[in-house]
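Written below as structure tokens is the structure these notes are about.
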Amino acid sequence: MDKTVKPKHWKKWTSRVLWFLLVQFILINISAALHAWKFTHFYNDPALRIVRPSSKNIFVKTWKLFAGMKIPRSLPPGRAAFPVDTVLFTTKNGTTIDCWYAKTDSAAKGTVILYHNYTGSKATFGNVAAEFRYIGYNVLIADMRGHGSSSGNVTTLGFKEAEEVKLTFDCIRNEKKEKNIFLWGSSMGAVAITKAIDKYNLQPSGIALEMPFANLQTHAEARSRVLGFPEEPFGFLVTGWIGIEQGFNGYGFNVASYAKKINCPVLLSWGTRDRFVLKEETEKIFNNIPGNTKRLVIYEDADHQSFLSFDPVKWRNEMGNFLA
């Protein structure tokens, strides 16, 4: 009797375990897909900008963890702190890219093009642009797609934004007839610069990269870590879903690999308390940059933030030496 019941008993429990694992697999993929969507889409709802106390309702908390948080779109900037001309570009998919162009008050040494971070805008780094103007450079500050005054509500975290880098670079080189062009980018902006050099073979006079992540998966893992999720498998799944939803191979989005195509002087900066970019990521990018015209600057105790605001003296010295 036991010999006939026992196999049925184990078959029943094996079936239950397999169904449980299947349901878990489906649920975690649904959650990852929702997080990927919320991560790459911005919302114009003003209510999202209001800081409210965290809900004590366990069901509300669970749903937010499961489905992710809506991210408000960065606001269009007001007036610039210095005279600017508005320059507009149109991407291949019809997105309007809004930029500010400003000349220095002195004889120009060249032009610096600036690209902001995720959820930032050209107004966010107006102080950085002012620094470049002060030391004698014209500036062009771009609002990336889905940010500030540019159209759209979608970001690809620097992948497709490489097109904006090419459009602005070509404008300064061909229309403004500038030969001495530097590119500066923070976080996502730094990623877009590196991707653009790899894809379009741009040849600027130099690039200053602040806090770029090594690849999309390490960045998704960092976001998971900050949200309180286990880095794996959530980071792996979110990376895959971002690629599916945005139409590219998320696992092939590799900034450290793109760095191998850089063919100009590089100033790479990172903060030791950065929650989103690890030290080994920064070192991997730096080691992959060819040649010896590169410098890695580390800001002790700095988080994922503006290094100019964190340590203005050090930033000015490093940037001044780099441009010189």
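Each chain in the structure tokens gets a letter, A, B, ..., in the order shown, and its residues are numbered from 1; ligands are numbered from 1 in order too.
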
If we count only C-alpha atoms and set the cut-off at 12 Å, which residues sit around Met211 in chain A, ignoring sequence neighbours fewer than 6 positions away in its own chain? Please answer as number ranges by chain.
A: 116-118, 184-192, 194, 219, 255, 267-279, 281-283, 285-286, 296-299, 302-307

Apply DSSP to the backbone of this structure and, from range 72-296 of chain A, keep only the residues in strand (DSSP E or B); write these as a VMD selection string.
chain A and resid 72 85 to 90 96 to 102 110 to 115 137 to 142 154 181 to 186 206 to 210 215 254 266 to 271 294 to 296

May I ask for the distance between CA of Ile242 in chain A and CA of Ile50 in chain A, given in Å to one decimal place?
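For CA of Ile242 in chain A relative to CA of Ile50 in chain A, the distance reads 27.3 Å.
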
Those in range 47-283 of chain A with helix (DSSP H, G or I) from DSSP, as number ranges by chain:
A: 47-49, 58-67, 126-134, 162-175, 188-200, 216-227, 231-246, 250-252, 255-261, 279-283

Could I get the residues of range 49-129 of chain A with an atom no further than 10 Å from an atom of range 136-156 of chain A, each paired with its nearest atom pair and that distance in Å to one decimal, using only C-alpha atoms, sorted by chain and residue number, as CSV?
residue,atom,partner,partner_atom,distance
A:Pro72,CA,A:Asn153,CA,9.7
A:Arg73,CA,A:His147,CA,6.4
A:Ser74,CA,A:Gly148,CA,5.2
A:Leu75,CA,A:Gly148,CA,5.1
A:Pro76,CA,A:Gly148,CA,4.1
A:Pro77,CA,A:Gly148,CA,6.3
A:Gly78,CA,A:Ser149,CA,9.8
A:Val84,CA,A:Leu140,CA,9.2
A:Asp85,CA,A:Leu140,CA,9.4
A:Thr86,CA,A:Leu140,CA,9.5
A:Val87,CA,A:Leu140,CA,8.8
A:Leu88,CA,A:Ser150,CA,8.8
A:Phe89,CA,A:Ser150,CA,9.4
A:Thr90,CA,A:Ser151,CA,9.7
A:Thr91,CA,A:Arg145,CA,9.1
A:Gly94,CA,A:Ser151,CA,9.0
A:Thr95,CA,A:Ser151,CA,5.7
A:Thr96,CA,A:Ser151,CA,5.2
A:Ile97,CA,A:Ser150,CA,4.7
A:Asp98,CA,A:Ser150,CA,4.9
A:Cys99,CA,A:Ala142,CA,4.4
A:Trp100,CA,A:Ile141,CA,5.2
A:Tyr101,CA,A:Leu140,CA,4.4
A:Ala102,CA,A:Val139,CA,5.4
A:Lys103,CA,A:Asn138,CA,4.3
A:Thr104,CA,A:Asn138,CA,5.0
A:Asp105,CA,A:Gly136,CA,7.4
A:Ser106,CA,A:Gly136,CA,5.9
A:Ala107,CA,A:Gly136,CA,6.5
A:Ala108,CA,A:Tyr137,CA,5.2
A:Lys109,CA,A:Tyr137,CA,5.5
A:Gly110,CA,A:Tyr137,CA,5.2
A:Thr111,CA,A:Asn138,CA,4.5
A:Val112,CA,A:Val139,CA,4.9
A:Ile113,CA,A:Leu140,CA,4.7
A:Leu114,CA,A:Ile141,CA,4.8
A:Tyr115,CA,A:Ala142,CA,5.8
A:His116,CA,A:Asp143,CA,7.3
A:Asn117,CA,A:Met144,CA,8.9
A:Tyr118,CA,A:Thr155,CA,8.3
A:Thr119,CA,A:His147,CA,6.5
A:Gly120,CA,A:His147,CA,6.7
A:Ser121,CA,A:Gly148,CA,5.0
A:Lys122,CA,A:Asp143,CA,5.4
A:Ala123,CA,A:Gly148,CA,8.2
A:Thr124,CA,A:Gly148,CA,9.5
A:Phe125,CA,A:Ile141,CA,8.4
A:Gly126,CA,A:Ile141,CA,8.2
A:Val128,CA,A:Val139,CA,9.8
A:Ala129,CA,A:Val139,CA,6.4

Length of the CA of Arg16 in chain A to CA of Ser31 in chain A vector [Å]:
22.5 Å

What is the CA of Gly235 in chain A to CA of Phe39 in chain A distance in Å?
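So the two atoms, CA of Gly235 in chain A and CA of Phe39 in chain A, lie 12.2 Å apart.
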
Close residues, Lys38 in chain A itself excluded, 8 Å, only C-alpha atoms, min 4 positions apart in chain, as an NGL selection string
:A and (34 or 42 or 68-71)

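The closest residue to Met319 in chain A, picked from A:Ile135, A:Ile181, A:Ile244, A:Val226 and counting only C-alpha atoms, is A:Ile135.
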
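Take the candidates A:Ala32, A:Leu183, A:Leu48, A:Leu323 and check each one against Ser224 in chain A using only C-alpha atoms; the shortest distance goes to A:Ala32.
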
Go through A:Ala36, A:Ala196, A:Leu21, A:Val266 one by one, measure the shortest atom-to-atom distance of each to Glu221 in chain A using only C-alpha atoms, and give the residue with the smallest value.
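Nearest to Glu221 in chain A: A:Ala36.
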